[in-house]
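Novice: Data file work_11.cif (mmCIF, C-alpha atoms) is appended below.
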data_target
loop_
_atom_site.label_atom_id
_atom_site.label_comp_id
_atom_site.auth_asym_id
_atom_site.auth_seq_id
_atom_site.Cartn_x
_atom_site.Cartn_y
_atom_site.Cartn_z
CA MET R 1 -25.12 -52.32 -14.96
CA LYS R 2 -24.60 -54.65 -12.01
CA ASN R 3 -27.30 -56.82 -10.48
CA ILE R 4 -28.62 -55.19 -7.31
CA PRO R 5 -29.33 -57.61 -4.46
CA LEU R 6 -32.15 -57.08 -1.98
CA GLY R 7 -31.79 -57.90 1.70
CA ALA R 8 -28.07 -57.14 1.28
CA ASN R 9 -25.80 -55.11 3.54
CA VAL R 10 -25.32 -51.51 2.36
CA GLN R 11 -21.94 -49.83 2.81
CA CYS R 12 -21.45 -46.07 2.41
CA SER R 13 -18.04 -44.59 1.69
CA ASP R 14 -17.56 -43.91 5.40
CA SER R 15 -19.77 -46.39 7.31
CA ALA R 16 -22.37 -49.12 7.11
CA CYS R 17 -25.93 -48.09 6.18
CA GLY R 18 -28.35 -50.91 6.96
CA LYS R 19 -29.83 -53.17 4.28
CA SER R 20 -31.47 -52.88 0.87
CA THR R 21 -35.22 -53.56 0.90
CA ASN R 22 -36.80 -52.51 -2.44
CA LEU R 23 -36.00 -51.60 -6.02
CA ILE R 24 -37.91 -48.71 -7.59
CA PHE R 25 -38.24 -48.63 -11.38
CA GLU R 26 -39.97 -46.63 -14.10
CA ARG R 27 -43.21 -48.17 -15.34
CA ASP R 28 -42.53 -47.41 -19.02
CA THR R 29 -38.82 -48.16 -19.42
CA LYS R 30 -38.51 -50.70 -16.55
CA GLN R 31 -35.27 -48.91 -15.68
CA VAL R 32 -34.21 -49.07 -12.03
CA THR R 33 -34.09 -45.57 -10.57
CA HIS R 34 -33.61 -46.07 -6.81
CA VAL R 35 -32.55 -48.61 -4.22
CA VAL R 36 -34.39 -48.37 -0.91
CA VAL R 37 -32.17 -48.73 2.16
CA LYS R 38 -33.29 -49.12 5.74
CA ASP R 39 -31.16 -48.28 8.75
CA LYS R 40 -32.46 -47.57 12.26
CA ASN R 41 -29.65 -45.04 12.75
CA LEU R 42 -30.91 -42.71 10.02
CA PRO R 43 -32.38 -39.55 11.58
CA ASP R 44 -36.18 -39.08 11.75
CA ASN R 45 -36.98 -41.93 9.37
CA PRO R 46 -35.22 -45.30 8.92
CA THR R 47 -35.75 -45.52 5.12
CA ARG R 48 -34.21 -43.63 2.22
CA MET R 49 -34.49 -43.78 -1.59
CA VAL R 50 -30.94 -43.88 -2.94
CA PRO R 51 -30.54 -43.00 -6.66
CA VAL R 52 -29.10 -45.95 -8.56
CA GLU R 53 -26.25 -43.70 -9.75
CA LYS R 54 -24.93 -43.81 -6.18
CA VAL R 55 -24.35 -47.58 -6.41
CA ALA R 56 -20.60 -48.02 -6.92
CA SER R 57 -20.43 -51.83 -6.86
CA THR R 58 -22.33 -54.90 -5.71
CA THR R 59 -21.79 -58.48 -4.68
CA ALA R 60 -24.43 -61.09 -3.84
CA LYS R 61 -24.43 -59.90 -0.22
CA GLN R 62 -23.36 -56.24 -0.28
CA ILE R 63 -24.09 -52.95 -2.03
CA THR R 64 -21.34 -50.32 -1.88
CA LEU R 65 -22.37 -46.68 -2.37
CA ASN R 66 -20.21 -43.80 -3.56
CA CYS R 67 -21.67 -41.40 -1.00
CA THR R 68 -21.45 -40.87 2.74
CA PHE R 69 -23.94 -41.82 5.45
CA ASP R 70 -24.81 -38.13 5.93
CA GLU R 71 -25.57 -37.80 2.22
CA VAL R 72 -27.92 -40.79 2.42
CA ALA R 73 -29.57 -39.21 5.47
CA ARG R 74 -30.49 -36.16 3.36
CA MET R 75 -32.21 -38.24 0.67
CA ASP R 76 -35.98 -38.67 0.45
CA PRO R 77 -37.60 -41.24 2.77
CA PHE R 78 -39.43 -44.22 1.26
CA VAL R 79 -41.94 -44.98 4.03
CA VAL R 80 -43.59 -41.97 5.65
CA THR R 81 -46.29 -41.63 8.29
CA GLN R 82 -49.47 -39.87 7.24
CA MET R 83 -52.55 -38.94 9.26
CA ILE R 84 -55.51 -40.53 7.47
CA GLN R 85 -59.10 -39.50 8.20
CA GLU R 86 -61.38 -42.33 9.23
CA THR R 87 -64.77 -43.04 7.76
CA GLY R 88 -67.85 -43.53 9.91
CA SER R 89 -67.30 -47.30 9.87
CA GLY R 90 -63.90 -47.02 11.53
CA MET R 91 -61.97 -47.58 8.29
CA ALA R 92 -59.37 -45.32 6.68
CA TYR R 93 -58.10 -45.21 3.12
CA ALA R 94 -54.74 -44.22 1.66
CA GLU R 95 -54.79 -43.70 -2.11
CA GLY R 96 -51.90 -44.29 -4.49
CA GLY R 97 -51.64 -43.80 -8.24
CA ASP R 98 -53.26 -47.13 -9.05
CA TYR R 99 -54.72 -48.44 -5.85
CA THR R 100 -56.46 -47.67 -2.59
CA SER R 101 -55.26 -49.27 0.63
CA GLN R 102 -57.76 -49.88 3.42
CA TYR R 103 -56.79 -49.82 7.09
CA VAL R 104 -58.66 -50.72 10.27
CA VAL R 105 -58.36 -47.82 12.67
CA ASN R 106 -59.30 -46.97 16.22
CA ASN R 107 -62.29 -44.65 15.66
CA THR R 108 -60.53 -41.50 16.87
CA GLY R 109 -61.12 -39.43 13.73
CA TYR R 110 -57.56 -39.77 12.38
CA ASP R 111 -55.01 -42.55 12.42
CA ALA R 112 -51.28 -42.70 11.70
CA VAL R 113 -50.61 -44.89 8.64
CA ASN R 114 -47.26 -45.79 7.06
CA VAL R 115 -47.35 -45.08 3.31
CA GLU R 116 -44.72 -45.79 0.64
CA GLU R 117 -43.73 -42.57 -1.14
CA ILE R 118 -43.14 -43.95 -4.64
CA PRO R 119 -42.25 -41.32 -7.27
CA GLN R 120 -44.88 -40.58 -9.92
CA GLY R 121 -44.86 -43.11 -12.77
CA GLU R 122 -42.74 -45.63 -10.88
CA MET R 123 -43.24 -48.91 -8.97
CA ALA R 124 -41.47 -50.53 -6.04
CA LEU R 125 -40.90 -54.27 -5.73
CA LYS R 126 -39.33 -56.49 -3.11
CA PRO R 127 -38.98 -60.24 -2.42
CA GLY R 128 -41.85 -61.78 -0.49
CA MET R 129 -44.63 -59.83 -2.24
CA LYS R 130 -47.63 -61.95 -3.24
CA VAL R 131 -48.20 -62.47 -6.96
CA GLN R 132 -51.80 -62.43 -8.21
CA THR R 133 -53.05 -63.19 -11.73
CA SER R 134 -55.69 -61.28 -13.68
CA ASP R 135 -58.24 -64.00 -12.82
CA ASP R 136 -57.63 -63.41 -9.09
CA HIS R 137 -55.45 -66.44 -8.32
CA LYS R 138 -52.68 -65.93 -5.77
CA ILE R 139 -49.99 -68.06 -7.36
CA GLY R 140 -46.99 -67.55 -5.08
CA LYS R 141 -44.49 -65.01 -3.84
CA LEU R 142 -41.82 -62.97 -5.56
CA ASP R 143 -38.31 -64.29 -4.85
CA GLU R 144 -36.01 -62.35 -7.17
CA LEU R 145 -35.85 -59.51 -9.69
CA ILE R 146 -33.85 -60.20 -12.84
CA LEU R 147 -32.04 -57.25 -14.45
CA ASP R 148 -30.64 -56.93 -17.95
CA PRO R 149 -26.84 -56.76 -17.43
CA GLN R 150 -26.41 -54.21 -20.22
CA SER R 151 -29.27 -51.76 -19.67
CA GLY R 152 -29.99 -52.29 -15.97
CA ALA R 153 -33.72 -52.60 -16.71
CA ILE R 154 -35.82 -55.19 -14.86
CA THR R 155 -36.74 -57.99 -17.28
CA HIS R 156 -38.43 -60.67 -15.14
CA LEU R 157 -39.94 -61.40 -11.75
CA GLN R 158 -38.82 -64.80 -10.51
CA MET R 159 -40.75 -67.21 -8.31
CA CYS R 160 -38.34 -69.93 -7.21
CA GLU R 161 -40.23 -71.75 -4.47
CA GLY R 162 -43.57 -71.88 -2.68
CA HIS R 163 -45.65 -71.41 -5.84
CA LEU R 164 -48.24 -73.54 -7.62
CA TRP R 165 -45.79 -75.23 -10.00
CA GLY R 166 -43.55 -76.99 -7.51
CA LYS R 167 -39.85 -77.13 -8.34
CA LYS R 168 -40.08 -75.18 -11.61
CA ASP R 169 -38.60 -71.68 -11.44
CA VAL R 170 -41.22 -69.35 -12.90
CA GLY R 171 -39.99 -66.23 -14.68
CA ILE R 172 -42.68 -63.62 -15.32
CA PRO R 173 -41.80 -60.90 -17.87
CA VAL R 174 -42.07 -57.50 -16.25
CA ALA R 175 -44.32 -56.44 -19.15
CA ASP R 176 -46.96 -58.78 -17.66
CA VAL R 177 -47.08 -56.71 -14.44
CA ASP R 178 -50.18 -54.50 -14.27
CA PHE R 179 -49.46 -52.67 -10.99
CA ALA R 180 -48.36 -53.29 -7.41
CA ASP R 181 -49.27 -52.10 -3.96
CA ASP R 182 -47.11 -52.52 -0.86
CA LYS R 183 -47.91 -56.25 -0.51
CA THR R 184 -49.02 -57.65 -3.87
CA VAL R 185 -47.91 -57.67 -7.51
CA TYR R 186 -50.93 -57.80 -9.84
CA LEU R 187 -50.43 -59.37 -13.28
CA ASN R 188 -52.28 -58.63 -16.50
CA ILE R 189 -52.22 -62.34 -17.50
CA ASP R 190 -54.20 -65.26 -16.07
CA LYS R 191 -53.10 -68.39 -14.22
CA LYS R 192 -53.05 -70.52 -17.38
CA ALA R 193 -50.76 -68.05 -19.15
CA VAL R 194 -48.33 -68.02 -16.20
CA ALA R 195 -48.20 -71.83 -16.20
CA ALA R 196 -47.16 -71.75 -19.88
CA LEU R 197 -44.22 -69.38 -19.30
CA PRO R 198 -40.74 -70.89 -19.76
CA ALA R 199 -38.32 -71.00 -16.84
CA VAL R 200 -35.70 -68.25 -16.82
CA PRO R 201 -32.25 -69.39 -15.70
CA VAL R 202 -30.75 -67.30 -12.88
CA ASN R 203 -27.13 -67.02 -11.85
CA ARG R 204 -27.19 -67.29 -8.05
CA LYS R 205 -23.44 -67.42 -7.39
#
Mind turning the file's structure into C-alpha cells?
Specialist:
Amino acid sequence: MKNIPLGANVQCSDSACGKSTNLIFERDTKQVTHVVVKDKNLPDNPTRMVPVEKVASTTAKQITLNCTFDEVARMDPFVVTQMIQETGSGMAYAEGGDYTSQYVVNNTGYDAVNVEEIPQGEMALKPGMKVQTSDDHKIGKLDELILDPQSGAITHLQMCEGHLWGKKDVGIPVADVDFADDKTVYLNIDKKAVAALPAVPVNRK
C-alpha cells in the first residue's frame, strides 16, 4: 500500500481532477477506505469520495487514479448542503455520529449548512485540524497521517510544527484518537501523556 499524500494533485486516466483533501478510514481497523478529491469542474458538487482501490500510484505531489473523470463525477460527494432548522435563539445544529455542530444562522427558520457525509463507522482526517487532549488542551495542529506500508492502515497522526513541544515531531498513535469533527481531532489521552510519546520518524522525500 502506497502512502497517500494530501493537498496533492489528482490525475484521472483521462484528465486532471483537482486535489486530495481528506483521508477517510474505518474506526475499528484504521484502514483507509476513501480519498476525498476536490475539483471545481465536477458537476453539482466539487467534492467526491474516491475508493482507495481506485488509487493506481502516488508520489509526494500526485495521486494517479485508474478511473476516468466521468467515473469520479458519479461517485458520492463528501461535502453536501443541508437545510438545518433553526432554534428560537437563532442557532442551528447538525448532528453526526459522535458530535453535534452548532452554527450561527440568520433567523429565517432554515439555513443552508455544509456537512461532511462520512460513511457510518468511519472518520475523516486532514492536515490543519486542531488536536485536543482529553483534558481540553489544544496542543497543536495535525500535519501528516502516517500509514503502515504493508497494510495501508493509518498508524499515527503527526504534529511537526506549531505545537507545544517546539521542534520535536510528535507522533500520536491513531488508537489514542477518540473522535473527530470537521475541524478538531479529540484524543482519549491527556496533555501529559502526549508529551511522553516518542517521536515517530517520517520519510518526507
Novice: Please write as number ranges by chain the full residue list that the PyMOL selection byres ((chain R and resi 186) around 12) yields on this file.
Specialist: R: 98-99, 123, 125, 129-142, 157, 172, 174-185, 187-191
Novice: Would you compute the distance between atom CA of R:Ser151 and atom CA of R:Leu197? Give it in Å to one decimal.
Specialist: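 These two atoms are separated by 23.1 Å.
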Novice: What does the distance between atom CA of R:Val52 and atom CA of R:Arg27 come to in Å, to one decimal place?
Specialist: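 Between atom CA of R:Val52 and atom CA of R:Arg27 the gap is 15.8 Å.
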Novice: Identify, on the basis of only C-alpha atoms, every residue whose closest approach to R:Lys38 does not exceed 8 Å; exclude the query and any residue fewer than 4 positions from it along the same chain; express the result as an MDAnalysis selection string.
Specialist: chainID R and resid 17:21 46:48
Novice: Go ahead and save the residues from that selection, with C-alpha atoms, as a PDB file, in the coordinates of the input.
Specialist:
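Resulting contents of part.pdb:
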ATOM      1  CA  CYS R  17     -25.930 -48.090   6.180  1.00  0.00           C
ATOM      2  CA  GLY R  18     -28.350 -50.910   6.960  1.00  0.00           C
ATOM      3  CA  LYS R  19     -29.830 -53.170   4.280  1.00  0.00           C
ATOM      4  CA  SER R  20     -31.470 -52.880   0.870  1.00  0.00           C
ATOM      5  CA  THR R  21     -35.220 -53.560   0.900  1.00  0.00           C
ATOM      6  CA  PRO R  46     -35.220 -45.300   8.920  1.00  0.00           C
ATOM      7  CA  THR R  47     -35.750 -45.520   5.120  1.00  0.00           C
ATOM      8  CA  ARG R  48     -34.210 -43.630   2.220  1.00  0.00           C
TER       9      ARG R  48
END
Novice: Tell me, as a ChimeraX atom specification, which residues lie within 6 Å of R:Asp169, counting only C-alpha atoms; anything in the same chain fewer than 2 positions away does not count.
Specialist: /R:159-160,199
Novice: So, with all atoms listed in the file as the atoms that count, which of R:Asn41, R:Thr68, R:Thr81, R:Gln120 lies closest to R:Cys12?
Specialist: R:Thr68
Novice: Excluding same-chain residues fewer than 6 positions from stretch 54-60 of chain R, what lies within 7 Å of it counting all atoms listed in the file, as a count of residues only?
Specialist: 5
Novice: Would you work out the distance separating atom CA of R:Gly121 from atom CA of R:Glu144, expressed in Å to one decimal?
Specialist: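 That distance, rounded to one decimal, is 21.9 Å.
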Novice: Around (-37.0, -44.8, -10.3), as given in the file, which residues come within 10 Å? Count only C-alpha atoms and list them as a ChimeraX atom specification.
Specialist: /R:23-27,29-35,49-52,118-124
Novice: Pull out every residue that the PyMOL selection byres ((chain R and resi 146) around 10) matches in the shown coordinates and put them as a PDB file with C-alpha atoms, in the coordinates of the input.
Specialist:
ATOM      1  CA  ASN R   3     -27.300 -56.820 -10.480  1.00  0.00           C
ATOM      2  CA  ILE R   4     -28.620 -55.190  -7.310  1.00  0.00           C
ATOM      3  CA  PRO R   5     -29.330 -57.610  -4.460  1.00  0.00           C
ATOM      4  CA  GLU R 144     -36.010 -62.350  -7.170  1.00  0.00           C
ATOM      5  CA  LEU R 145     -35.850 -59.510  -9.690  1.00  0.00           C
ATOM      6  CA  LEU R 147     -32.040 -57.250 -14.450  1.00  0.00           C
ATOM      7  CA  ASP R 148     -30.640 -56.930 -17.950  1.00  0.00           C
ATOM      8  CA  PRO R 149     -26.840 -56.760 -17.430  1.00  0.00           C
ATOM      9  CA  GLY R 152     -29.990 -52.290 -15.970  1.00  0.00           C
ATOM     10  CA  ALA R 153     -33.720 -52.600 -16.710  1.00  0.00           C
ATOM     11  CA  ILE R 154     -35.820 -55.190 -14.860  1.00  0.00           C
ATOM     12  CA  THR R 155     -36.740 -57.990 -17.280  1.00  0.00           C
ATOM     13  CA  HIS R 156     -38.430 -60.670 -15.140  1.00  0.00           C
ATOM     14  CA  LEU R 157     -39.940 -61.400 -11.750  1.00  0.00           C
ATOM     15  CA  GLN R 158     -38.820 -64.800 -10.510  1.00  0.00           C
ATOM     16  CA  GLY R 171     -39.990 -66.230 -14.680  1.00  0.00           C
ATOM     17  CA  ILE R 172     -42.680 -63.620 -15.320  1.00  0.00           C
ATOM     18  CA  PRO R 173     -41.800 -60.900 -17.870  1.00  0.00           C
ATOM     19  CA  VAL R 174     -42.070 -57.500 -16.250  1.00  0.00           C
ATOM     20  CA  VAL R 200     -35.700 -68.250 -16.820  1.00  0.00           C
ATOM     21  CA  PRO R 201     -32.250 -69.390 -15.700  1.00  0.00           C
ATOM     22  CA  VAL R 202     -30.750 -67.300 -12.880  1.00  0.00           C
ATOM     23  CA  ASN R 203     -27.130 -67.020 -11.850  1.00  0.00           C
TER      24      ASN R 203
END
Novice: Where atoms are absent from stretch 44-63 of chain R, fill them in so it carries N, CA and C atoms, then output it as an mmCIF file, in the coordinates of the input.
Specialist:
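Dumped to selection_10.cif:
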data_model
loop_
_atom_site.group_PDB
_atom_site.id
_atom_site.type_symbol
_atom_site.label_atom_id
_atom_site.label_comp_id
_atom_site.auth_asym_id
_atom_site.auth_seq_id
_atom_site.Cartn_x
_atom_site.Cartn_y
_atom_site.Cartn_z
ATOM 1 N N ASP R 44 -34.760 -39.358 12.008
ATOM 2 C CA ASP R 44 -36.180 -39.080 11.750
ATOM 3 C C ASP R 44 -36.932 -40.225 11.079
ATOM 4 N N ASN R 45 -36.303 -40.887 10.137
ATOM 5 C CA ASN R 45 -36.980 -41.930 9.370
ATOM 6 C C ASN R 45 -35.957 -42.992 8.973
ATOM 7 N N PRO R 46 -36.234 -44.275 9.175
ATOM 8 C CA PRO R 46 -35.220 -45.300 8.920
ATOM 9 C C PRO R 46 -35.056 -45.694 7.461
ATOM 10 N N THR R 47 -35.854 -45.140 6.536
ATOM 11 C CA THR R 47 -35.750 -45.520 5.120
ATOM 12 C C THR R 47 -35.337 -44.342 4.259
ATOM 13 N N ARG R 48 -34.602 -44.640 3.191
ATOM 14 C CA ARG R 48 -34.210 -43.630 2.220
ATOM 15 C C ARG R 48 -34.228 -44.234 0.817
ATOM 16 N N MET R 49 -34.553 -43.388 -0.189
ATOM 17 C CA MET R 49 -34.490 -43.780 -1.590
ATOM 18 C C MET R 49 -33.162 -43.288 -2.162
ATOM 19 N N VAL R 50 -32.271 -44.212 -2.442
ATOM 20 C CA VAL R 50 -30.940 -43.880 -2.940
ATOM 21 C C VAL R 50 -30.922 -43.986 -4.459
ATOM 22 N N PRO R 51 -30.616 -42.916 -5.192
ATOM 23 C CA PRO R 51 -30.540 -43.000 -6.660
ATOM 24 C C PRO R 51 -29.565 -44.085 -7.086
ATOM 25 N N VAL R 52 -29.920 -44.818 -8.129
ATOM 26 C CA VAL R 52 -29.100 -45.950 -8.560
ATOM 27 C C VAL R 52 -27.699 -45.490 -8.986
ATOM 28 N N GLU R 53 -27.560 -44.218 -9.375
ATOM 29 C CA GLU R 53 -26.250 -43.700 -9.750
ATOM 30 C C GLU R 53 -25.267 -43.701 -8.587
ATOM 31 N N LYS R 54 -25.792 -43.785 -7.364
ATOM 32 C CA LYS R 54 -24.930 -43.810 -6.180
ATOM 33 C C LYS R 54 -24.413 -45.204 -5.861
ATOM 34 N N VAL R 55 -24.839 -46.219 -6.625
ATOM 35 C CA VAL R 55 -24.350 -47.580 -6.410
ATOM 36 C C VAL R 55 -23.009 -47.726 -7.128
ATOM 37 N N ALA R 56 -21.936 -47.905 -6.341
ATOM 38 C CA ALA R 56 -20.600 -48.020 -6.920
ATOM 39 C C ALA R 56 -20.297 -49.444 -7.354
ATOM 40 N N SER R 57 -20.694 -50.431 -6.540
ATOM 41 C CA SER R 57 -20.430 -51.830 -6.860
ATOM 42 C C SER R 57 -21.347 -52.708 -6.023
ATOM 43 N N THR R 58 -21.497 -53.952 -6.450
ATOM 44 C CA THR R 58 -22.330 -54.900 -5.710
ATOM 45 C C THR R 58 -21.701 -56.275 -5.730
ATOM 46 N N THR R 59 -22.025 -57.048 -4.697
ATOM 47 C CA THR R 59 -21.790 -58.480 -4.680
ATOM 48 C C THR R 59 -23.129 -59.112 -4.323
ATOM 49 N N ALA R 60 -23.178 -60.421 -4.180
ATOM 50 C CA ALA R 60 -24.430 -61.090 -3.840
ATOM 51 C C ALA R 60 -24.937 -60.675 -2.465
ATOM 52 N N LYS R 61 -24.039 -60.186 -1.591
ATOM 53 C CA LYS R 61 -24.430 -59.900 -0.220
ATOM 54 C C LYS R 61 -24.207 -58.446 0.189
ATOM 55 N N GLN R 62 -23.647 -57.623 -0.684
ATOM 56 C CA GLN R 62 -23.360 -56.240 -0.280
ATOM 57 C C GLN R 62 -23.521 -55.272 -1.440
ATOM 58 N N ILE R 63 -24.046 -54.079 -1.118
ATOM 59 C CA ILE R 63 -24.090 -52.950 -2.030
ATOM 60 C C ILE R 63 -23.174 -51.868 -1.479
#
